[in-house]
>>> print(open('coords-v2.cif').read())   # mmCIF, C-alpha atoms
data_run
#
loop_
_atom_site.group_PDB
_atom_site.id
_atom_site.type_symbol
_atom_site.label_atom_id
_atom_site.label_comp_id
_atom_site.auth_asym_id
_atom_site.auth_seq_id
_atom_site.Cartn_x
_atom_site.Cartn_y
_atom_site.Cartn_z
ATOM 1 C CA MET A 267 29.437 20.773 13.770
ATOM 2 C CA ILE A 268 27.103 20.805 16.766
ATOM 3 C CA SER A 269 28.018 18.643 19.733
ATOM 4 C CA PHE A 270 25.431 16.420 21.392
ATOM 5 C CA ARG A 271 25.653 18.533 24.542
ATOM 6 C CA THR A 272 24.956 21.703 22.530
ATOM 7 C CA HIS A 273 22.023 19.888 20.922
ATOM 8 C CA VAL A 274 20.582 19.135 24.351
ATOM 9 C CA VAL A 275 21.139 22.636 25.703
ATOM 10 C CA THR A 276 19.585 24.266 22.631
ATOM 11 C CA LEU A 277 16.557 22.005 22.673
ATOM 12 C CA VAL A 278 16.024 22.523 26.391
ATOM 13 C CA ALA A 279 16.125 26.299 25.911
ATOM 14 C CA LEU A 280 13.519 26.102 23.172
ATOM 15 C CA MET A 281 11.345 23.782 25.176
ATOM 16 C CA LEU A 282 11.430 26.079 28.180
ATOM 17 C CA VAL A 283 9.799 28.724 26.015
ATOM 18 C CA LEU A 284 7.299 26.421 24.321
ATOM 19 C CA ALA A 285 6.501 24.220 27.281
ATOM 20 C CA ALA A 286 5.977 26.869 29.934
ATOM 21 C CA GLY A 287 4.395 25.484 33.021
ATOM 22 C CA VAL A 288 6.357 22.200 33.157
ATOM 23 C CA ALA A 289 7.767 21.873 36.653
ATOM 24 C CA LEU A 290 11.412 20.892 36.676
ATOM 25 C CA GLY A 291 11.609 20.093 40.362
ATOM 26 C CA GLY A 292 9.211 17.167 40.362
ATOM 27 C CA GLY A 293 7.429 14.629 38.177
ATOM 28 C CA PRO A 294 9.250 12.791 35.369
ATOM 29 C CA LEU A 295 12.041 15.359 35.145
ATOM 30 C CA SER A 296 13.079 14.811 38.744
ATOM 31 C CA GLU A 297 14.575 11.516 37.513
ATOM 32 C CA ALA A 298 16.533 13.131 34.651
ATOM 33 C CA GLY A 299 20.170 12.176 34.579
ATOM 34 C CA ARG A 300 19.673 8.836 36.372
ATOM 35 C CA GLY A 301 19.629 6.772 33.176
ATOM 36 C CA THR A 302 15.992 5.700 33.472
ATOM 37 C CA LEU A 303 15.123 6.298 29.800
ATOM 38 C CA SER A 304 18.237 5.528 27.777
ATOM 39 C CA SER A 305 21.474 3.767 28.517
ATOM 40 C CA ALA A 306 24.613 5.911 28.299
ATOM 41 C CA PRO A 307 28.278 5.611 29.307
ATOM 42 C CA THR A 308 28.841 6.262 32.998
ATOM 43 C CA ALA A 309 32.641 6.213 33.297
ATOM 44 C CA PRO A 310 33.892 8.949 35.662
ATOM 45 C CA GLY A 311 35.004 11.205 32.823
ATOM 46 C CA GLU A 312 31.672 10.817 31.037
ATOM 47 C CA GLN A 313 29.129 11.133 33.842
ATOM 48 C CA GLU A 314 28.369 14.785 33.093
ATOM 49 C CA THR A 315 27.687 14.022 29.416
ATOM 50 C CA ALA A 316 25.525 11.033 30.337
ATOM 51 C CA GLY A 317 23.508 13.104 32.781
ATOM 52 C CA THR A 318 23.000 15.888 30.247
ATOM 53 C CA ALA A 319 21.885 13.401 27.589
ATOM 54 C CA ASP A 320 19.412 11.710 29.923
ATOM 55 C CA PHE A 321 18.059 15.092 30.983
ATOM 56 C CA GLY A 322 17.493 15.989 27.340
ATOM 57 C CA ASP A 323 15.645 12.706 26.767
ATOM 58 C CA ALA A 324 13.451 13.267 29.816
ATOM 59 C CA PHE A 325 12.659 16.830 28.791
ATOM 60 C CA ALA A 326 11.844 15.760 25.238
ATOM 61 C CA ARG A 327 9.467 13.051 26.420
ATOM 62 C CA THR A 328 7.719 15.295 28.939
ATOM 63 C CA SER A 329 7.296 18.204 26.517
ATOM 64 C CA ALA A 330 6.528 16.247 23.338
ATOM 65 C CA ASP A 331 2.742 16.796 23.376
ATOM 66 C CA ARG A 332 3.161 20.534 23.768
ATOM 67 C CA LEU A 333 5.785 20.687 21.031
ATOM 68 C CA TYR A 334 3.865 18.527 18.570
ATOM 69 C CA ALA A 335 0.585 20.379 19.144
ATOM 70 C CA GLY A 336 -1.200 17.926 16.848
ATOM 71 C CA GLY A 337 0.973 19.003 13.932
ATOM 72 C CA LEU A 338 0.444 15.753 12.011
ATOM 73 C CA ASP A 339 -3.339 15.723 12.384
ATOM 74 C CA THR A 340 -4.849 14.768 8.964
ATOM 75 C CA HIS A 341 -1.327 14.263 7.598
ATOM 76 C CA PRO A 342 -0.531 10.529 7.356
ATOM 77 C CA VAL A 343 3.016 9.207 7.125
ATOM 78 C CA THR A 344 4.509 6.328 5.149
ATOM 79 C CA LEU A 345 7.439 4.554 6.786
ATOM 80 C CA LEU A 346 10.254 3.201 4.602
ATOM 81 C CA THR A 347 12.997 1.189 6.276
ATOM 82 C CA LEU A 348 16.377 0.473 4.708
ATOM 83 C CA PRO A 349 18.273 -2.772 5.385
ATOM 84 C CA GLY A 350 19.581 -2.844 8.940
ATOM 85 C CA ALA A 351 17.301 -0.064 10.222
ATOM 86 C CA PRO A 352 17.173 -0.345 14.045
ATOM 87 C CA GLU A 353 13.851 -1.702 15.279
ATOM 88 C CA GLY A 354 13.939 0.617 18.284
ATOM 89 C CA ILE A 355 13.984 3.683 16.053
ATOM 90 C CA ILE A 356 11.215 2.315 13.832
ATOM 91 C CA SER A 357 8.816 1.517 16.669
ATOM 92 C CA GLY A 358 9.716 4.611 18.690
ATOM 93 C CA ILE A 359 9.081 7.103 15.898
ATOM 94 C CA ALA A 360 5.891 5.296 14.865
ATOM 95 C CA THR A 361 4.569 5.835 18.392
ATOM 96 C CA ASP A 362 5.543 9.503 18.319
ATOM 97 C CA VAL A 363 3.854 10.043 14.945
ATOM 98 C CA GLU A 364 0.596 8.934 16.555
ATOM 99 C CA GLN A 365 1.315 11.184 19.547
ATOM 100 C CA ALA A 366 1.566 14.096 17.106
ATOM 101 C CA GLY A 367 -1.879 13.306 15.689
ATOM 102 C CA GLY A 368 -0.711 11.394 12.634
ATOM 103 C CA THR A 369 -1.000 7.818 11.451
ATOM 104 C CA ILE A 370 1.414 5.424 9.794
ATOM 105 C CA THR A 371 -0.502 4.343 6.702
ATOM 106 C CA ALA A 372 1.937 1.532 5.916
ATOM 107 C CA THR A 373 5.479 0.354 6.512
ATOM 108 C CA TYR A 374 7.583 -0.675 3.521
ATOM 109 C CA ALA A 375 10.930 -2.434 3.776
ATOM 110 C CA ALA A 376 13.597 -1.829 1.151
ATOM 111 C CA GLN A 377 15.388 -5.086 0.447
ATOM 112 C CA PRO A 378 19.169 -5.371 0.015
ATOM 113 C CA ALA A 379 18.917 -5.661 -3.772
ATOM 114 C CA LEU A 380 17.303 -2.227 -4.052
ATOM 115 C CA VAL A 381 20.273 -0.426 -2.534
ATOM 116 C CA ASP A 382 23.070 -2.744 -3.656
ATOM 117 C CA ALA A 383 25.039 -1.053 -6.453
ATOM 118 C CA ASN A 384 25.911 -4.529 -7.764
ATOM 119 C CA GLU A 385 22.200 -5.070 -8.514
ATOM 120 C CA LYS A 386 21.893 -1.914 -10.602
ATOM 121 C CA SER A 387 21.019 -3.848 -13.770
ATOM 122 C CA LEU A 388 17.982 -5.401 -12.057
ATOM 123 C CA VAL A 389 16.814 -2.026 -10.766
ATOM 124 C CA ASP A 390 17.397 -0.404 -14.160
ATOM 125 C CA THR A 391 15.561 -3.116 -16.086
ATOM 126 C CA LEU A 392 12.524 -3.081 -13.816
ATOM 127 C CA GLY A 393 12.378 0.709 -13.869
ATOM 128 C CA SER A 394 12.494 0.748 -17.668
ATOM 129 C CA GLN A 395 9.769 -1.879 -17.939
ATOM 130 C CA LEU A 396 7.450 -0.033 -15.558
ATOM 131 C CA MET A 397 8.080 3.281 -17.294
ATOM 132 C CA THR A 398 7.120 1.723 -20.627
ATOM 133 C CA GLN A 399 4.132 -0.085 -19.162
ATOM 134 C CA LEU A 400 2.679 2.904 -17.317
ATOM 135 C CA GLY A 401 3.602 5.646 -19.769
ATOM 136 C CA GLY A 402 2.529 9.212 -19.082
ATOM 137 C CA ASP A 403 4.460 11.326 -16.602
ATOM 138 C CA VAL A 404 4.922 8.688 -13.883
ATOM 139 C CA VAL A 405 8.682 9.004 -14.386
ATOM 140 C CA ASP A 406 10.609 12.058 -15.536
ATOM 141 C CA GLU A 407 12.149 11.475 -18.927
ATOM 142 C CA GLY A 408 15.892 10.998 -18.630
ATOM 143 C CA ALA A 409 15.869 10.262 -14.901
ATOM 144 C CA PRO A 410 18.856 8.054 -13.959
ATOM 145 C CA THR A 411 18.373 4.533 -12.635
ATOM 146 C CA TYR A 412 17.941 5.128 -8.907
ATOM 147 C CA GLU A 413 16.080 8.402 -9.202
ATOM 148 C CA ARG A 414 13.684 6.676 -11.609
ATOM 149 C CA ILE A 415 13.034 3.780 -9.222
ATOM 150 C CA GLY A 416 12.615 6.344 -6.441
ATOM 151 C CA GLN A 417 9.962 8.159 -8.454
ATOM 152 C CA LEU A 418 8.170 4.892 -9.134
ATOM 153 C CA LEU A 419 8.298 3.966 -5.455
ATOM 154 C CA GLY A 420 7.096 7.460 -4.574
ATOM 155 C CA THR A 421 4.159 7.094 -6.951
ATOM 156 C CA ALA A 422 3.250 3.827 -5.227
ATOM 157 C CA ILE A 423 3.522 4.904 -1.579
ATOM 158 C CA ALA A 424 3.439 8.711 -1.457
ATOM 159 C CA SER A 425 1.352 11.660 -2.591
ATOM 160 C CA THR A 426 1.746 15.367 -3.222
ATOM 161 C CA GLU A 427 -1.639 15.959 -1.559
ATOM 162 C CA PRO A 428 -1.178 17.210 2.051
ATOM 163 C CA THR A 429 -3.838 14.835 3.363
ATOM 164 C CA GLY A 430 -2.721 11.869 1.280
ATOM 165 C CA ALA A 431 -4.480 10.040 -1.517
ATOM 166 C CA PRO A 432 -5.924 6.617 -2.349
ATOM 167 C CA VAL A 433 -4.240 4.274 -4.795
ATOM 168 C CA GLN A 434 -4.374 5.342 -8.416
ATOM 169 C CA ASP A 435 -3.925 3.742 -11.819
ATOM 170 C CA GLY A 436 -0.596 2.004 -11.854
ATOM 171 C CA THR A 437 -0.019 2.068 -8.103
ATOM 172 C CA THR A 438 -0.861 -1.595 -7.614
ATOM 173 C CA ALA A 439 1.289 -2.619 -10.577
ATOM 174 C CA ILE A 440 4.298 -0.790 -9.168
ATOM 175 C CA ARG A 441 3.840 -2.283 -5.698
ATOM 176 C CA GLN A 442 3.475 -5.793 -7.065
ATOM 177 C CA SER A 443 6.471 -5.409 -9.388
ATOM 178 C CA LEU A 444 8.753 -4.097 -6.656
ATOM 179 C CA SER A 445 7.683 -6.920 -4.350
ATOM 180 C CA GLY A 446 7.985 -9.590 -7.057
ATOM 181 C CA ALA A 447 11.528 -8.449 -7.854
ATOM 182 C CA GLU A 448 12.346 -8.570 -4.127
ATOM 183 C CA LEU A 449 13.239 -4.889 -4.058
ATOM 184 C CA VAL A 450 10.585 -3.542 -1.664
ATOM 185 C CA THR A 451 8.109 -5.440 0.503
ATOM 186 C CA GLY A 452 4.976 -3.972 2.026
ATOM 187 C CA PRO A 453 1.658 -4.816 3.658
ATOM 188 C CA GLU A 454 -1.188 -6.600 1.955
ATOM 189 C CA GLY A 455 -4.140 -4.651 0.630
ATOM 190 C CA GLU A 456 -4.134 -1.151 -0.788
ATOM 191 C CA PRO A 457 -3.031 1.260 1.946
ATOM 192 C CA LYS A 458 -3.418 4.961 1.356
ATOM 193 C CA ARG A 459 -0.547 6.954 -0.110
ATOM 194 C CA ALA A 460 0.834 9.493 2.383
ATOM 195 C CA PRO A 461 2.204 13.014 1.853
ATOM 196 C CA LEU A 462 5.164 12.421 4.169
ATOM 197 C CA VAL A 463 7.758 9.668 3.849
ATOM 198 C CA LEU A 464 9.941 8.844 6.844
ATOM 199 C CA VAL A 465 13.049 6.911 5.803
ATOM 200 C CA VAL A 466 14.913 5.060 8.556
ATOM 201 C CA LEU A 467 18.534 4.439 7.565
ATOM 202 C CA GLY A 468 20.393 1.291 8.490
ATOM 203 C CA ASP A 469 23.698 -0.380 7.706
ATOM 204 C CA GLY A 470 25.038 2.078 5.173
ATOM 205 C CA VAL A 471 24.273 2.578 1.483
ATOM 206 C CA ASP A 472 26.286 3.735 -1.498
ATOM 207 C CA GLY A 473 25.938 7.537 -1.576
ATOM 208 C CA ASP A 474 24.799 7.793 -5.205
ATOM 209 C CA VAL A 475 22.239 5.024 -4.734
ATOM 210 C CA LEU A 476 20.759 6.622 -1.634
ATOM 211 C CA ALA A 477 20.722 10.130 -3.103
ATOM 212 C CA GLY A 478 18.954 8.951 -6.255
ATOM 213 C CA LEU A 479 16.356 6.968 -4.343
ATOM 214 C CA LEU A 480 15.534 9.844 -1.974
ATOM 215 C CA ALA A 481 15.502 12.407 -4.796
ATOM 216 C CA GLY A 482 12.882 10.319 -6.572
ATOM 217 C CA LEU A 483 10.786 9.996 -3.433
ATOM 218 C CA ALA A 484 10.997 13.744 -2.779
ATOM 219 C CA ALA A 485 9.712 14.458 -6.285
ATOM 220 C CA ARG A 486 6.551 12.444 -5.633
ATOM 221 C CA SER A 487 5.704 13.514 -2.064
ATOM 222 C CA VAL A 488 5.130 16.600 0.059
ATOM 223 C CA GLY A 489 8.150 15.875 2.221
ATOM 224 C CA VAL A 490 10.824 13.276 2.947
ATOM 225 C CA VAL A 491 12.643 12.978 6.273
ATOM 226 C CA ALA A 492 15.663 10.662 6.557
ATOM 227 C CA VAL A 493 16.710 9.676 10.073
ATOM 228 C CA GLY A 494 19.541 7.601 11.467
ATOM 229 C CA ASP A 495 21.439 6.779 14.599
ATOM 230 C CA THR A 496 24.927 7.861 15.575
ATOM 231 C CA GLY A 497 26.284 4.511 14.385
ATOM 232 C CA GLY A 498 25.536 2.877 11.024
ATOM 233 C CA GLY A 499 23.401 5.713 9.693
ATOM 234 C CA ALA A 500 25.855 8.509 10.504
ATOM 235 C CA ASP A 501 27.910 8.245 7.317
ATOM 236 C CA ASP A 502 24.797 8.147 5.137
ATOM 237 C CA LEU A 503 23.457 11.289 6.780
ATOM 238 C CA ALA A 504 26.793 13.056 6.419
ATOM 239 C CA GLY A 505 26.793 12.297 2.700
ATOM 240 C CA LEU A 506 23.242 13.544 2.207
ATOM 241 C CA ARG A 507 23.980 16.748 4.083
ATOM 242 C CA THR A 508 26.818 17.697 1.744
ATOM 243 C CA SER A 509 24.890 16.950 -1.459
ATOM 244 C CA PRO A 510 22.390 19.097 -3.400
ATOM 245 C CA LEU A 511 19.695 16.805 -2.015
ATOM 246 C CA ALA A 512 20.004 18.613 1.326
ATOM 247 C CA GLU A 513 17.602 21.243 -0.037
ATOM 248 C CA ALA A 514 14.886 18.669 -0.715
ATOM 249 C CA VAL A 515 15.248 16.031 2.017
ATOM 250 C CA THR A 516 15.292 16.745 5.766
ATOM 251 C CA THR A 517 17.865 14.821 7.810
ATOM 252 C CA VAL A 518 17.969 14.052 11.550
ATOM 253 C CA ASP A 519 20.683 12.180 13.442
ATOM 254 C CA GLY A 520 20.673 10.652 16.920
ATOM 255 C CA ALA A 521 17.274 8.990 16.430
ATOM 256 C CA GLU A 522 18.199 6.144 18.783
ATOM 257 C CA ARG A 523 17.470 8.454 21.752
ATOM 258 C CA ASP A 524 14.178 10.006 22.837
ATOM 259 C CA LEU A 525 15.571 13.445 22.061
ATOM 260 C CA GLY A 526 16.363 12.430 18.477
ATOM 261 C CA ARG A 527 12.971 10.784 17.945
ATOM 262 C CA VAL A 528 11.115 13.882 19.098
ATOM 263 C CA THR A 529 13.322 15.932 16.780
ATOM 264 C CA SER A 530 12.460 13.531 13.928
ATOM 265 C CA VAL A 531 8.719 14.035 14.356
ATOM 266 C CA LEU A 532 9.153 17.805 14.579
ATOM 267 C CA ALA A 533 11.054 17.517 11.290
ATOM 268 C CA LEU A 534 8.072 15.724 9.728
ATOM 269 C CA ILE A 535 5.771 18.543 10.840
ATOM 270 C CA ARG A 536 8.159 21.121 9.397
ATOM 271 C CA ALA A 537 8.447 19.192 6.110
ATOM 272 C CA LEU A 538 4.765 19.828 5.402
ATOM 273 C CA LYS A 539 5.709 23.419 4.544
ATOM 274 C CA THR A 540 9.490 23.576 4.298
ATOM 275 C CA PRO A 541 11.647 20.964 2.523
ATOM 276 C CA GLY A 542 15.211 20.178 3.436
ATOM 277 C CA GLY A 543 17.196 21.016 6.538
ATOM 278 C CA SER A 544 19.768 19.283 8.733
ATOM 279 C CA PHE A 545 18.885 18.756 12.399
ATOM 280 C CA GLY A 546 20.029 16.799 15.424
ATOM 281 C CA ALA A 547 23.275 16.594 17.339
ATOM 282 C CA SER A 548 25.309 17.192 14.171
ATOM 283 C CA GLY A 549 22.726 19.222 12.264
ATOM 284 C CA SER A 550 23.975 22.362 10.531
ATOM 285 C CA ASP A 551 20.548 24.035 10.601
ATOM 286 C CA GLY A 552 20.067 23.786 14.346
ATOM 287 C CA ALA A 553 19.464 21.211 16.986
ATOM 288 C CA VAL A 554 15.719 20.996 16.483
ATOM 289 C CA PRO A 555 13.236 22.357 13.892
ATOM 290 C CA VAL A 556 10.888 24.415 16.054
ATOM 291 C CA GLY A 557 8.910 27.339 14.659
#
>>> encode(input="coords-v2.cif", output="C-alpha cells")
Amino acid sequence: MISFRTHVVTLVALMLVLAAGVALGGGPLSEAGRGTLSSAPTAPGEQETAGTADFGDAFARTSADRLYAGGLDTHPVTLLTLPGAPEGIISGIATDVEQAGGTITATYAAQPALVDANEKSLVDTLGSQLMTQLGGDVVDEGAPTYERIGQLLGTAIASTEPTGAPVQDGTTAIRQSLSGAELVTGPEGEPKRAPLVLVVLGDGVDGDVLAGLLAGLAARSVGVVAVGDTGGGADDLAGLRTSPLAEAVTTVDGAERDLGRVTSVLALIRALKTPGGSFGASGSDGAVPVG
C-alpha cells in the first residue's frame, strides 16, 4: 500500500525529470503548502502532511501541460458517472481532458436501478430483449447479466477505434432503451462513440455488479479508466484492484485533489496502449502512470 505522502513524493520526482525548467522558487509553486488549491486538515500534528499534499497539487497543476503533451489529441473520451459521483471530480477531469488535447463527446449518467442488485431482473430482461432484437455479435453469447448490459452500453457509447466512431446500426435503439428503462441517461442527439470511457465512481456499488458492468465496457472500447475519491469510491476501487478485472480496467484513487485528477488523465493516455493498472495514493502499480 502506497501512502499519500509517498504518492506525492514519487510524482514530484517524476515531474522534476519531465518538467525540467519549472522554477520552484517563484510563480504558482511559491504558494505550495498554503492551502490555496485544496482544503486539507491543518491540526498541529497534520500540518506537514497538509503542506506536502498542497505542494503535490500545485506541482501537478503547474506541470500538467508538459506531462500531458497533447496525449489525448484525436482521442475523444466518453464520461460515465455512477450514482453519487462527486461533481467536483466530474467537472475537474473534464477540464483536464481538454487540457490534454481531448474532448468529452458526451456524459452519461448511470441511474440507481442499473447498479442496484435488487433490480437485476429489470437489467436482465432488457439485456435479453436487446440481444434478441439486435442479433449478431453485439453481445457475447453466455455473458452474465451485468457484463451483457455493459457490452450493450459499450456498443452504444464506446468504440474500439482509437479515434472514435459515429453511431452504428443498433446504437440508437440501445441508447433509447436504456433511457426508457431509467437505467442510463444521456444527451440528446447522436454523439460520437469514443475509444476511452472514464467512469467516475460514487456512493458504492455491489462488487459483482460493478465488475460485470466495467468488464462489458472494456470489451467494447479501447480503454476504461475508473476513478474515485478517498471516501465513497475507495471500497469500490479496492474491490476492482483485487479482481481479475484489474488487468483490463485502469483504476485511480484520490481524484478529489488536483494531483489525483492529473493522474487520472495520464491514466487515460496510457490506456490507449496499455490496459489495466492501479495508480494513485493507494495504487499498487505506482503513484502515477508516466512513460
>>> residues_around(input="coords-v2.cif", residues="Gln442 of chain A", least_positions_apart="6", cutoff="12 Å", atoms="all atoms listed in the file", output="list in words")
Leu392, Leu396, Leu418, Leu419, Ala422, Gly436, Glu448, Leu449, Val450, Thr451, Gly452, Pro453, Glu454, Gly455 and Glu456 of chain A
>>> atom_distance(input="coords-v2.cif", atom1="atom CA of Arg507 of chain A", atom2="atom CA of Gly478 of chain A")
13.9 Å
>>> closest_atom_pairs(input="coords-v2.cif", of="segment 334-402 of chain A", to="segment 492-498 of chain A", cutoff="12 Å", atoms="all atoms listed in the file", output="JSON lines")
{"residue": "A:Leu345", "atom": "CA", "partner": "A:Ala492", "partner_atom": "CA", "distance": 10.2}
{"residue": "A:Leu346", "atom": "CA", "partner": "A:Ala492", "partner_atom": "CA", "distance": 9.4}
{"residue": "A:Thr347", "atom": "CA", "partner": "A:Ala492", "partner_atom": "CA", "distance": 9.8}
{"residue": "A:Leu348", "atom": "CA", "partner": "A:Gly494", "partner_atom": "CA", "distance": 10.3}
{"residue": "A:Pro349", "atom": "CA", "partner": "A:Gly498", "partner_atom": "CA", "distance": 10.8}
{"residue": "A:Gly350", "atom": "CA", "partner": "A:Gly498", "partner_atom": "CA", "distance": 8.5}
{"residue": "A:Ala351", "atom": "CA", "partner": "A:Gly494", "partner_atom": "CA", "distance": 8.1}
{"residue": "A:Pro352", "atom": "CA", "partner": "A:Asp495", "partner_atom": "CA", "distance": 8.3}
{"residue": "A:Glu353", "atom": "CA", "partner": "A:Asp495", "partner_atom": "CA", "distance": 11.4}
{"residue": "A:Gly354", "atom": "CA", "partner": "A:Asp495", "partner_atom": "CA", "distance": 10.4}
{"residue": "A:Ile355", "atom": "CA", "partner": "A:Gly494", "partner_atom": "CA", "distance": 8.2}
{"residue": "A:Ile356", "atom": "CA", "partner": "A:Val493", "partner_atom": "CA", "distance": 9.9}
{"residue": "A:Ile359", "atom": "CA", "partner": "A:Val493", "partner_atom": "CA", "distance": 9.9}
>>> closest_residue(input="coords-v2.cif", among="A:Ala326, A:Val466, A:Ala504, A:Leu400", to="Gly526 of chain A", atoms="all atoms listed in the file")
A:Ala326
>>> atom_distance(input="coords-v2.cif", atom1="atom CA of Val463 of chain A", atom2="atom CA of Arg327 of chain A")
22.9 Å
>>> closest_residue(input="coords-v2.cif", among="A:Pro541, A:Leu525, A:Gln395, A:Ala553", to="Gly322 of chain A", atoms="all atoms listed in the file")
A:Leu525
>>> resolve_selection(input="coords-v2.cif", expression="the PyMOL selection byres ((chain A and resi 535) around 9)", output="list of chain:residue names")
A:Tyr334, A:Gly337, A:Leu338, A:His341, A:Ala366, A:Ser530, A:Val531, A:Leu532, A:Ala533, A:Leu534, A:Arg536, A:Ala537, A:Leu538, A:Lys539, A:Pro555
>>> residues_around(input="coords-v2.cif", residues="Glu427 of chain A", least_positions_apart="5", cutoff="12 Å", atoms="all atoms listed in the file", output="VMD selection string")
chain A and resid 340 to 343 421 432 458 to 462 486 to 489 538
>>> atom_distance(input="coords-v2.cif", atom1="atom CA of Gly542 of chain A", atom2="atom CA of Val515 of chain A")
4.4 Å
>>> resolve_selection(input="coords-v2.cif", expression="the PyMOL selection byres ((chain A and resi 367) around 6)", output="PDB file with C-alpha atoms, in the frame of the given file")
ATOM      1  CA  GLY A 336      -1.200  17.926  16.848  1.00  0.00           C
ATOM      2  CA  LEU A 338       0.444  15.753  12.011  1.00  0.00           C
ATOM      3  CA  ASP A 339      -3.339  15.723  12.384  1.00  0.00           C
ATOM      4  CA  GLU A 364       0.596   8.934  16.555  1.00  0.00           C
ATOM      5  CA  GLN A 365       1.315  11.184  19.547  1.00  0.00           C
ATOM      6  CA  ALA A 366       1.566  14.096  17.106  1.00  0.00           C
ATOM      7  CA  GLY A 368      -0.711  11.394  12.634  1.00  0.00           C
TER       8      GLY A 368
END
>>> resolve_selection(input="coords-v2.cif", expression="the PyMOL selection byres ((chain A and resi 482) around 7)", output="ChimeraX atom specification")
/A:413-414,416-417,420,478-481,483-486
>>> closest_residue(input="coords-v2.cif", among="A:Val491, A:Gly499, A:Asp382, A:Val554", to="Leu464 of chain A", atoms="all atoms listed in the file")
A:Val491
>>> closest_residue(input="coords-v2.cif", among="A:Met397, A:Val389, A:Ser509, A:Val528", to="Asp331 of chain A", atoms="all atoms listed in the file")
A:Val528
>>> axis_aligned_box(input="coords-v2.cif", around="segment 396-400 of chain A", padding_each_side="4 Å", output="JSON")
{"center_x": 5.4, "center_y": 1.6, "center_z": -18.1, "size_x": 13.4, "size_y": 11.4, "size_z": 13.1}
>>> closest_residue(input="coords-v2.cif", among="A:Ser357, A:Ser445, A:Gln434, A:Thr411", to="Asp524 of chain A", atoms="only C-alpha atoms")
A:Ser357
